[in-house]
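Q: Contents of coords_32.pdb (PDB, C-alpha atoms and all ligand atoms):
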ATOM      1  CA  MET A   1       0.000   0.000   0.000
ATOM      2  CA  VAL A   2       1.195   3.523  -0.722
ATOM      3  CA  ASN A   3       1.893   5.861   2.195
ATOM      4  CA  ILE A   4      -1.533   7.443   2.446
ATOM      5  CA  LYS A   5      -0.257  10.746   3.853
ATOM      6  CA  ILE A   6       1.975  11.895   1.010
ATOM      7  CA  PRO A   7       1.324  12.502  -2.700
ATOM      8  CA  PHE A   8       1.986   9.592  -5.028
ATOM      9  CA  THR A   9       1.809   8.620  -8.674
ATOM     10  CA  PHE A  10       1.126   5.371 -10.479
ATOM     11  CA  ASP A  11       1.153   4.280 -14.093
ATOM     12  CA  VAL A  12      -1.328   2.511 -16.324
ATOM     13  CA  ILE A  13       0.395  -0.545 -17.775
ATOM     14  CA  GLN A  14      -0.359  -0.675 -21.494
ATOM     15  CA  GLY A  15      -0.363  -4.461 -21.768
ATOM     16  CA  ASP A  16      -3.034  -6.905 -22.739
ATOM     17  CA  PRO A  17      -4.698  -6.959 -20.305
ATOM     18  CA  MET A  18      -3.971  -3.450 -19.055
ATOM     19  CA  GLY A  19      -3.038  -2.986 -15.409
ATOM     20  CA  LEU A  20      -1.710  -0.574 -12.802
ATOM     21  CA  SER A  21       1.901  -0.257 -11.637
ATOM     22  CA  GLN A  22       0.658  -0.411  -8.035
ATOM     23  CA  TYR A  23      -2.616  -1.258  -6.358
ATOM     24  CA  ASP A  24      -3.982  -2.677  -3.109
ATOM     25  CA  SER A  25      -6.682  -5.027  -4.316
ATOM     26  CA  HIS A  26      -7.485  -6.917  -7.477
ATOM     27  CA  ILE A  27     -11.090  -8.089  -7.606
ATOM     28  CA  THR A  28     -12.269 -10.588 -10.216
ATOM     29  CA  ARG A  29     -15.862 -11.419 -11.108
ATOM     30  CA  ARG A  30     -16.588 -14.634 -12.932
ATOM     31  CA  LEU A  31     -19.866 -15.778 -14.450
ATOM     32  CA  SER A  32     -20.778 -17.652 -11.256
ATOM     33  CA  ALA A  33     -20.820 -14.325  -9.358
ATOM     34  CA  MET A  34     -23.517 -12.999 -11.727
ATOM     35  CA  LYS A  35     -26.252 -15.572 -11.146
ATOM     36  CA  GLY A  36     -29.673 -14.119 -11.932
ATOM     37  CA  MET A  37     -28.258 -10.982 -13.551
ATOM     38  CA  TYR A  38     -28.544 -12.043 -17.201
ATOM     39  CA  LEU A  39     -31.940 -12.301 -18.861
ATOM     40  CA  ASP A  40     -31.280 -15.530 -20.773
ATOM     41  CA  GLU A  41     -31.110 -18.085 -17.955
ATOM     42  CA  HIS A  42     -30.658 -21.003 -20.365
ATOM     43  CA  ALA A  43     -27.643 -19.381 -22.001
ATOM     44  CA  PHE A  44     -26.276 -18.608 -18.532
ATOM     45  CA  ALA A  45     -26.684 -22.232 -17.425
ATOM     46  CA  ALA A  46     -25.171 -23.590 -20.654
ATOM     47  CA  LEU A  47     -22.107 -21.366 -20.295
ATOM     48  CA  ALA A  48     -21.792 -22.090 -16.577
ATOM     49  CA  ALA A  49     -21.887 -25.835 -17.295
ATOM     50  CA  THR A  50     -18.850 -25.658 -19.569
ATOM     51  CA  SER A  51     -16.691 -23.007 -17.893
ATOM     52  CA  ASP A  52     -16.754 -20.136 -15.464
ATOM     53  CA  PRO A  53     -15.381 -17.303 -17.612
ATOM     54  CA  LEU A  54     -13.871 -14.158 -16.143
ATOM     55  CA  LEU A  55     -16.294 -11.356 -17.047
ATOM     56  CA  TYR A  56     -14.528  -8.414 -15.440
ATOM     57  CA  GLU A  57     -11.851  -7.405 -12.985
ATOM     58  CA  PHE A  58     -10.796  -4.216 -11.269
ATOM     59  CA  TYR A  59      -7.782  -2.874  -9.442
ATOM     60  CA  GLU A  60      -8.242  -0.503  -6.527
ATOM     61  CA  ILE A  61      -5.917   1.761  -4.631
ATOM     62  CA  SER A  62      -7.079   1.870  -1.012
ATOM     63  CA  ARG A  63      -7.940   5.164   0.560
ATOM     64  CA  PRO A  64      -9.650   5.844   3.891
ATOM     65  CA  ALA A  65     -13.435   5.561   3.456
ATOM     66  CA  VAL A  66     -14.092   9.135   4.528
ATOM     67  CA  THR A  67     -15.425  12.357   3.019
ATOM     68  CA  GLY A  68     -12.627  14.255   1.329
ATOM     69  CA  GLU A  69     -10.798  11.156   0.086
ATOM     70  CA  LEU A  70     -11.139   9.831  -3.470
ATOM     71  CA  LEU A  71     -11.196   6.096  -4.163
ATOM     72  CA  HIS A  72      -9.798   5.205  -7.570
ATOM     73  CA  GLY A  73      -8.630   2.428  -9.780
ATOM     74  CA  LEU A  74      -8.883   0.660 -13.112
ATOM     75  CA  SER A  75     -11.680  -1.610 -14.389
ATOM     76  CA  ILE A  76     -11.491  -4.115 -17.230
ATOM     77  CA  VAL A  77     -14.659  -5.641 -18.719
ATOM     78  CA  HIS A  78     -13.738  -8.512 -21.019
ATOM     79  CA  PRO A  79     -15.500  -9.126 -24.361
ATOM     80  CA  GLY A  80     -18.210 -11.751 -24.647
ATOM     81  CA  LYS A  81     -21.927 -12.409 -24.300
ATOM     82  CA  VAL A  82     -24.340 -14.481 -22.261
ATOM     83  CA  GLY A  83     -26.955 -15.316 -24.890
ATOM     84  CA  ASP A  84     -27.097 -12.023 -26.778
ATOM     85  CA  GLU A  85     -26.464  -9.839 -23.703
ATOM     86  CA  TYR A  86     -22.952  -8.423 -23.513
ATOM     87  CA  TYR A  87     -20.574  -9.003 -20.606
ATOM     88  CA  MET A  88     -21.158  -6.258 -18.038
ATOM     89  CA  THR A  89     -20.468  -5.284 -14.460
ATOM     90  CA  LYS A  90     -23.052  -5.980 -11.742
ATOM     91  CA  GLY A  91     -23.768  -2.302 -11.350
ATOM     92  CA  HIS A  92     -24.744  -0.471  -8.200
ATOM     93  CA  PHE A  93     -26.022   2.632  -6.492
ATOM     94  CA  HIS A  94     -23.644   4.257  -4.065
ATOM     95  CA  THR A  95     -24.696   3.623  -0.470
ATOM     96  CA  ILE A  96     -24.489   7.345   0.093
ATOM     97  CA  LEU A  97     -26.757   8.110  -2.831
ATOM     98  CA  GLU A  98     -25.599  11.705  -3.141
ATOM     99  CA  THR A  99     -22.110  10.740  -4.327
ATOM    100  CA  ALA A 100     -20.950  11.010  -7.936
ATOM    101  CA  GLU A 101     -18.314   9.150  -9.961
ATOM    102  CA  PHE A 102     -15.926  10.087 -12.758
ATOM    103  CA  TYR A 103     -14.824   7.627 -15.445
ATOM    104  CA  TYR A 104     -12.160   7.934 -18.118
ATOM    105  CA  CYS A 105     -12.114   5.321 -20.873
ATOM    106  CA  LEU A 106      -8.724   4.101 -22.058
ATOM    107  CA  ARG A 107      -9.498   1.202 -24.379
ATOM    108  CA  GLY A 108     -12.370  -0.586 -26.106
ATOM    109  CA  GLN A 109     -15.983   0.167 -26.928
ATOM    110  CA  GLY A 110     -18.893   0.080 -24.564
ATOM    111  CA  VAL A 111     -21.701   1.866 -22.817
ATOM    112  CA  MET A 112     -22.590   2.939 -19.315
ATOM    113  CA  VAL A 113     -26.178   2.103 -18.385
ATOM    114  CA  MET A 114     -27.517   4.370 -15.649
ATOM    115  CA  GLU A 115     -30.731   4.991 -13.754
ATOM    116  CA  THR A 116     -32.061   6.892 -10.771
ATOM    117  CA  PRO A 117     -34.103   5.367  -7.918
ATOM    118  CA  GLU A 118     -37.179   6.883  -9.598
ATOM    119  CA  GLY A 119     -36.472   4.941 -12.816
ATOM    120  CA  VAL A 120     -35.172   7.756 -15.026
ATOM    121  CA  TRP A 121     -32.590   6.093 -17.287
ATOM    122  CA  ALA A 122     -29.639   7.068 -19.504
ATOM    123  CA  VAL A 123     -27.092   5.230 -21.632
ATOM    124  CA  GLU A 124     -23.829   6.889 -22.682
ATOM    125  CA  SER A 125     -21.177   5.428 -24.951
ATOM    126  CA  LEU A 126     -17.613   4.803 -23.807
ATOM    127  CA  GLN A 127     -14.634   4.897 -26.130
ATOM    128  CA  PRO A 128     -10.941   5.678 -25.705
ATOM    129  CA  ASN A 129     -10.229   9.166 -24.350
ATOM    130  CA  ARG A 130     -13.870   9.787 -23.491
ATOM    131  CA  ALA A 131     -14.720  10.917 -19.967
ATOM    132  CA  LEU A 132     -18.042  10.220 -18.307
ATOM    133  CA  TYR A 133     -19.545  11.898 -15.287
ATOM    134  CA  VAL A 134     -22.104   9.920 -13.292
ATOM    135  CA  PRO A 135     -23.983  12.444 -11.143
ATOM    136  CA  PRO A 136     -25.098  11.735  -7.572
ATOM    137  CA  ARG A 137     -28.128   9.360  -7.333
ATOM    138  CA  TRP A 138     -27.458   7.444 -10.578
ATOM    139  CA  ALA A 139     -26.805   3.685 -10.466
ATOM    140  CA  HIS A 140     -24.220   2.657 -13.066
ATOM    141  CA  ARG A 141     -23.213  -0.476 -14.966
ATOM    142  CA  SER A 142     -20.541  -0.722 -17.658
ATOM    143  CA  VAL A 143     -21.096  -2.973 -20.671
ATOM    144  CA  ASN A 144     -18.482  -4.118 -23.194
ATOM    145  CA  THR A 145     -20.123  -3.913 -26.636
ATOM    146  CA  GLY A 146     -16.857  -4.336 -28.553
ATOM    147  CA  SER A 147     -15.889  -7.526 -30.267
ATOM    148  CA  GLY A 148     -12.725  -9.173 -29.059
ATOM    149  CA  GLN A 149     -11.308  -6.221 -27.095
ATOM    150  CA  ASP A 150     -11.355  -5.336 -23.410
ATOM    151  CA  LEU A 151     -13.264  -2.261 -22.251
ATOM    152  CA  VAL A 152     -10.912  -0.458 -19.856
ATOM    153  CA  PHE A 153     -11.470   2.677 -17.796
ATOM    154  CA  LEU A 154     -10.209   4.580 -14.794
ATOM    155  CA  PHE A 155     -12.737   5.451 -12.094
ATOM    156  CA  VAL A 156     -12.732   7.975  -9.215
ATOM    157  CA  TYR A 157     -15.394   8.417  -6.539
ATOM    158  CA  PRO A 158     -15.719   9.789  -2.989
ATOM    159  CA  GLY A 159     -14.104   7.713  -0.265
ATOM    160  CA  ASN A 160     -17.289   7.478   1.782
ATOM    161  CA  ALA A 161     -19.589   6.466  -1.148
ATOM    162  CA  GLY A 162     -19.961   2.702  -0.498
ATOM    163  CA  HIS A 163     -21.719   0.257  -2.830
ATOM    164  CA  ASP A 164     -25.363  -0.780  -2.757
ATOM    165  CA  TYR A 165     -26.046  -3.741  -5.071
ATOM    166  CA  GLY A 166     -29.462  -4.521  -3.526
ATOM    167  CA  SER A 167     -32.190  -3.572  -6.009
ATOM    168  CA  ILE A 168     -29.936  -4.175  -9.017
ATOM    169  CA  GLU A 169     -29.277  -7.757  -7.915
ATOM    170  CA  VAL A 170     -33.006  -8.378  -7.575
ATOM    171  CA  GLN A 171     -34.295  -6.975 -10.865
ATOM    172  CA  GLY A 172     -31.434  -5.466 -12.823
ATOM    173  CA  PHE A 173     -31.485  -2.162 -14.659
ATOM    174  CA  ARG A 174     -34.474  -0.827 -16.546
ATOM    175  CA  LYS A 175     -32.593  -1.207 -19.846
ATOM    176  CA  LEU A 176     -30.495  -4.110 -21.156
ATOM    177  CA  VAL A 177     -27.838  -3.973 -23.874
ATOM    178  CA  VAL A 178     -28.004  -6.854 -26.344
ATOM    179  CA  GLU A 179     -26.562  -7.652 -29.745
ATOM    180  CA  ARG A 180     -29.059  -7.514 -32.634
ATOM    181  CA  ASN A 181     -27.865  -8.066 -36.219
ATOM    182  CA  GLY A 182     -24.284  -7.667 -35.051
ATOM    183  CA  LYS A 183     -24.887  -4.314 -33.353
ATOM    184  CA  PRO A 184     -25.633  -3.204 -29.783
ATOM    185  CA  GLU A 185     -29.243  -2.375 -29.085
ATOM    186  CA  ILE A 186     -30.917  -1.044 -25.932
ATOM    187  CA  ILE A 187     -34.034  -2.977 -24.961
ATOM    188  CA  ASP A 188     -36.470  -2.933 -22.044
ATOM    189  CA  ASN A 189     -35.730  -5.325 -19.204
ATOM    190  CA  PRO A 190     -38.962  -7.328 -18.799
ATOM    191  CA  ARG A 191     -38.132  -8.080 -15.150
ATOM    192  CA  TRP A 192     -37.824  -4.429 -14.163
ATOM    193  CA  LEU A 193     -40.638  -2.997 -12.045
ATOM    194  CA  SER A 194     -41.249   0.680 -11.528
ATOM    195  CA  PRO A 195     -40.633   1.819  -7.924
ATOM    196  CA  LYS A 196     -44.386   2.049  -7.193
ATOM    197  CA  ASP A 197     -44.942  -1.603  -8.258
ATOM    198  CA  ARG A 198     -42.169  -3.028  -6.075
ATOM    199  CA  SER A 199     -43.143  -4.692  -2.814
TER
HETATM  200  C1  LIG B 201     -16.368   0.896 -10.176
HETATM  201  C2  LIG B 201     -17.000  -0.492 -10.154
HETATM  202  C3  LIG B 201     -16.293  -1.555 -10.924
HETATM  203  C4  LIG B 201     -17.002  -2.905 -10.805
HETATM  204  O1  LIG B 201     -15.178   0.865  -9.494
HETATM  205  O2  LIG B 201     -17.092  -0.883  -8.817
HETATM  206  O3  LIG B 201     -16.248  -1.178 -12.268
HETATM  207  O4  LIG B 201     -18.387  -2.808 -10.930
HETATM  208  P1  LIG B 201     -19.365  -3.397  -9.798
HETATM  209  O5  LIG B 201     -18.929  -2.776  -8.503
HETATM  210  O6  LIG B 201     -20.722  -2.944 -10.217
HETATM  211  O7  LIG B 201     -19.207  -4.887  -9.765
HETATM  212  C5  LIG B 201     -17.365   1.807  -9.481
HETATM  213  O8  LIG B 201     -18.346   2.193 -10.075
HETATM  214  N1  LIG B 201     -17.134   2.086  -8.206
HETATM  215  O9  LIG B 201     -17.969   2.862  -7.485
HETATM  216 ZN    ZN B 202     -19.665   3.334  -8.558
END
In C-alpha cells, what does this structure look like?
A:
Amino acid sequence: MVNIKIPFTFDVIQGDPMGLSQYDSHITRRLSAMKGMYLDEHAFAALAATSDPLLYEFYEISRPAVTGELLHGLSIVHPGKVGDEYYMTKGHFHTILETAEFYYCLRGQGVMVMETPEGVWAVESLQPNRALYVPPRWAHRSVNTGSGQDLVFLFVYPGNAGHDYGSIEVQGFRKLVVERNGKPEIIDNPRWLSPKDRS
C-alpha cells in the first residue's frame, strides 16, 4: 500500500490486459458471481456448465473511506456475451446516494447504463479518451459492446460512497444492452418494475 499521507503517482500498464503499476486489491468477477443478472437463464446455465469465464476485474488503490478522500482504480470488462447480452459489471447505487463518480475510458468500446431510484434512465457510450460523469443518485453499470477487445477505464469516486447492489441484484437495470444483427441495441428489461410496483 502507498503511504496514504503523502502525494503519489502510479502508471497505467499498457499491456493486454492493461493494469496498474501499483494497487492494493485486485477483484475478479466470474460468471458464477452474476447468477440471476442475465436475462437468458438457459444461455447462462449452458455457459456455466462448460466453464466459469472471467467477465470483469478491477484494481483498486485503497484510501480511507471518509469524506474528502477519493477512491480510484482501473476496471477491465472482457469481451463476450451471455446469450445475446454483452458481458457487463453488476452495477450499483452508491450507499451514500448523493455521491458522484468520474470515469475515463482508455481502451475498447462500450456503454454505461444508468438509472435513478425513480427509474429515469440514460445510456452513454464509452470509447478511448472519453470521460463520463455519473452524477449523484445514478446507479451505473458498464457494458463491453466491442468484439474481441477489453473495455478499460479509470474510475474515481468519494471515499465514503460505499456500494449498494441490492435492487440491481433483484431486478437489474431498466434497460439491457443486447446484440441484434451484429450491433448493440438497448431494450427494455422485462423483469424491471417501476418503484411504485415493487413490494
Ligand atoms: C467501479 C466499479 C467496478 C465494478 O469501481 O465498482 O467497475 O463494478 P461493480 O462494482 O458494479 O461490480 C465503481 O463504479 N465504483 O464505485
Ligand atoms: Zn460506482
Q: What do you get as a CSV table (one decimal) with C-alpha atoms, in the coordinates of the input if you pick all residues at most 10 Å from ligand LIG 201 (chain B), counting all atoms listed in the file?
A:
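Contents of out19.csv, as written:
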chain,number,residue,atom,x,y,z
A,27,ILE,CA,-11.1,-8.1,-7.6
A,28,THR,CA,-12.3,-10.6,-10.2
A,29,ARG,CA,-15.9,-11.4,-11.1
A,33,ALA,CA,-20.8,-14.3,-9.4
A,34,MET,CA,-23.5,-13.0,-11.7
A,56,TYR,CA,-14.5,-8.4,-15.4
A,57,GLU,CA,-11.9,-7.4,-13.0
A,58,PHE,CA,-10.8,-4.2,-11.3
A,59,TYR,CA,-7.8,-2.9,-9.4
A,60,GLU,CA,-8.2,-0.5,-6.5
A,71,LEU,CA,-11.2,6.1,-4.2
A,72,HIS,CA,-9.8,5.2,-7.6
A,73,GLY,CA,-8.6,2.4,-9.8
A,74,LEU,CA,-8.9,0.7,-13.1
A,75,SER,CA,-11.7,-1.6,-14.4
A,76,ILE,CA,-11.5,-4.1,-17.2
A,77,VAL,CA,-14.7,-5.6,-18.7
A,88,MET,CA,-21.2,-6.3,-18.0
A,89,THR,CA,-20.5,-5.3,-14.5
A,90,LYS,CA,-23.1,-6.0,-11.7
A,91,GLY,CA,-23.8,-2.3,-11.4
A,92,HIS,CA,-24.7,-0.5,-8.2
A,93,PHE,CA,-26.0,2.6,-6.5
A,94,HIS,CA,-23.6,4.3,-4.1
A,95,THR,CA,-24.7,3.6,-0.5
A,99,THR,CA,-22.1,10.7,-4.3
A,100,ALA,CA,-21.0,11.0,-7.9
A,101,GLU,CA,-18.3,9.2,-10.0
A,102,PHE,CA,-15.9,10.1,-12.8
A,103,TYR,CA,-14.8,7.6,-15.4
A,134,VAL,CA,-22.1,9.9,-13.3
A,139,ALA,CA,-26.8,3.7,-10.5
A,140,HIS,CA,-24.2,2.7,-13.1
A,141,ARG,CA,-23.2,-0.5,-15.0
A,142,SER,CA,-20.5,-0.7,-17.7
A,143,VAL,CA,-21.1,-3.0,-20.7
A,152,VAL,CA,-10.9,-0.5,-19.9
A,153,PHE,CA,-11.5,2.7,-17.8
A,154,LEU,CA,-10.2,4.6,-14.8
A,155,PHE,CA,-12.7,5.5,-12.1
A,156,VAL,CA,-12.7,8.0,-9.2
A,157,TYR,CA,-15.4,8.4,-6.5
A,158,PRO,CA,-15.7,9.8,-3.0
A,159,GLY,CA,-14.1,7.7,-0.3
A,161,ALA,CA,-19.6,6.5,-1.1
A,162,GLY,CA,-20.0,2.7,-0.5
A,163,HIS,CA,-21.7,0.3,-2.8
A,164,ASP,CA,-25.4,-0.8,-2.8
A,165,TYR,CA,-26.0,-3.7,-5.1
A,168,ILE,CA,-29.9,-4.2,-9.0
Q: Excluding A:Leu151 and residues on its chain fewer than 3 positions from it, collect all residues at most 10 Å away from it, counting all atoms listed in the file, and give them as a PyMOL selection string.
A: chain A and resi 17-18+56+75-79+88+105-111+126-128+142-148
Q: Could you check which of A:Asn129, A:Ser194, A:Asn189, A:Asn160 is closest to ligand ZN 202 (chain B), using all atoms listed in the file?
A: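 Once distances to ligand ZN 202 (chain B) are computed over all atoms listed in the file, the minimum belongs to A:Asn160.
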Q: To test your reading of the syntax: which residues would the PyMOL selection byres (((chain A and resi 131) around 6) and not hetatm) return for the file shown? Reply as a PyMOL selection string.
A: chain A and resi 103-104+130+132
Q: Run through the PyMOL selection byres (((chain A and resi 179) around 12) and not hetatm) on the given coordinates and return the selected residues as a PDB file with C-alpha atoms, keeping the file's coordinate frame.
A:
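After the write, part_8.pdb holds the following:
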ATOM      1  CA  GLY A  80     -18.210 -11.751 -24.647  1.00  0.00           C
ATOM      2  CA  LYS A  81     -21.927 -12.409 -24.300  1.00  0.00           C
ATOM      3  CA  VAL A  82     -24.340 -14.481 -22.261  1.00  0.00           C
ATOM      4  CA  GLY A  83     -26.955 -15.316 -24.890  1.00  0.00           C
ATOM      5  CA  ASP A  84     -27.097 -12.023 -26.778  1.00  0.00           C
ATOM      6  CA  GLU A  85     -26.464  -9.839 -23.703  1.00  0.00           C
ATOM      7  CA  TYR A  86     -22.952  -8.423 -23.513  1.00  0.00           C
ATOM      8  CA  TYR A  87     -20.574  -9.003 -20.606  1.00  0.00           C
ATOM      9  CA  VAL A 143     -21.096  -2.973 -20.671  1.00  0.00           C
ATOM     10  CA  ASN A 144     -18.482  -4.118 -23.194  1.00  0.00           C
ATOM     11  CA  THR A 145     -20.123  -3.913 -26.636  1.00  0.00           C
ATOM     12  CA  GLY A 146     -16.857  -4.336 -28.553  1.00  0.00           C
ATOM     13  CA  SER A 147     -15.889  -7.526 -30.267  1.00  0.00           C
ATOM     14  CA  LEU A 176     -30.495  -4.110 -21.156  1.00  0.00           C
ATOM     15  CA  VAL A 177     -27.838  -3.973 -23.874  1.00  0.00           C
ATOM     16  CA  VAL A 178     -28.004  -6.854 -26.344  1.00  0.00           C
ATOM     17  CA  ARG A 180     -29.059  -7.514 -32.634  1.00  0.00           C
ATOM     18  CA  ASN A 181     -27.865  -8.066 -36.219  1.00  0.00           C
ATOM     19  CA  GLY A 182     -24.284  -7.667 -35.051  1.00  0.00           C
ATOM     20  CA  LYS A 183     -24.887  -4.314 -33.353  1.00  0.00           C
ATOM     21  CA  PRO A 184     -25.633  -3.204 -29.783  1.00  0.00           C
ATOM     22  CA  GLU A 185     -29.243  -2.375 -29.085  1.00  0.00           C
ATOM     23  CA  ILE A 186     -30.917  -1.044 -25.932  1.00  0.00           C
ATOM     24  CA  ILE A 187     -34.034  -2.977 -24.961  1.00  0.00           C
TER      25      ILE A 187
END
Q: Could you check the closest approach to ligand ZN 202 (chain B) for each of A:Pro117, A:Gly68, A:Pro135, A:Pro190 and tell me which residue wins, using all atoms listed in the file?
A: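 Closest candidate: A:Pro135.
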Q: Please determine, counting only C-alpha atoms and all ligand atoms, which residue among A:Asp188, A:Glu169, A:Asp150, A:Glu98 has the shortest atom-to-atom distance to ligand ZN 202 (chain B).
A: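 With only C-alpha atoms and all ligand atoms as the atom set, the closest residue is A:Glu98.
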Q: Could you list, as a JSON list (two decimals) with C-alpha atoms, in the frame of the given file, every residue within 12 Å of A:Ser21, counting only C-alpha atoms and ignoring same-chain residues fewer than 4 positions away?
A:
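So the final result, stored in part_20.json, reads:
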[["chain", "number", "residue", "atom", "x", "y", "z"],
["A", 1, "MET", "CA", 0.00, 0.00, 0.00],
["A", 2, "VAL", "CA", 1.20, 3.52, -0.72],
["A", 8, "PHE", "CA", 1.99, 9.59, -5.03],
["A", 9, "THR", "CA", 1.81, 8.62, -8.67],
["A", 10, "PHE", "CA", 1.13, 5.37, -10.48],
["A", 11, "ASP", "CA", 1.15, 4.28, -14.09],
["A", 12, "VAL", "CA", -1.33, 2.51, -16.32],
["A", 13, "ILE", "CA", 0.40, -0.55, -17.77],
["A", 14, "GLN", "CA", -0.36, -0.68, -21.49],
["A", 15, "GLY", "CA", -0.36, -4.46, -21.77],
["A", 59, "TYR", "CA", -7.78, -2.87, -9.44],
["A", 60, "GLU", "CA", -8.24, -0.50, -6.53],
["A", 61, "ILE", "CA", -5.92, 1.76, -4.63],
["A", 73, "GLY", "CA", -8.63, 2.43, -9.78],
["A", 74, "LEU", "CA", -8.88, 0.66, -13.11]]
Q: What does the distance between atom CA of A:Met114 and atom CA of A:Trp138 come to in Å, to one decimal place?
A: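 According to the coordinates, atom CA of A:Met114 and atom CA of A:Trp138 are separated by 5.9 Å.
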Q: On this file, the PyMOL selection byres (((chain A and resi 54) around 7) and not hetatm) gives some set of residues; write that set as a list in words.
A: Arg29, Arg30, Leu31, Asp52, Pro53, Leu55 and Tyr56 of chain A
Q: Could you write out that same residue set with C-alpha atoms as a PDB file, keeping the file's coordinate frame?
A:
ATOM      1  CA  ARG A  29     -15.862 -11.419 -11.108  1.00  0.00           C
ATOM      2  CA  ARG A  30     -16.588 -14.634 -12.932  1.00  0.00           C
ATOM      3  CA  LEU A  31     -19.866 -15.778 -14.450  1.00  0.00           C
ATOM      4  CA  ASP A  52     -16.754 -20.136 -15.464  1.00  0.00           C
ATOM      5  CA  PRO A  53     -15.381 -17.303 -17.612  1.00  0.00           C
ATOM      6  CA  LEU A  55     -16.294 -11.356 -17.047  1.00  0.00           C
ATOM      7  CA  TYR A  56     -14.528  -8.414 -15.440  1.00  0.00           C
TER       8      TYR A  56
END
Q: Quick one: of A:Lys196, A:Glu124, A:Ile96, A:Phe173, who's nearest to ligand ZN 202 (chain B), counting all atoms listed in the file?
A: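 Selected residue with least distance to ligand ZN 202 (chain B): A:Ile96.
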Q: So, with only C-alpha atoms and all ligand atoms as the atoms that count, which of A:Arg63, A:Arg137, A:Lys175, A:His42 lies closest to ligand ZN 202 (chain B)?
A: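 The shortest atom-to-atom distance to ligand ZN 202 (chain B) comes from A:Arg137.
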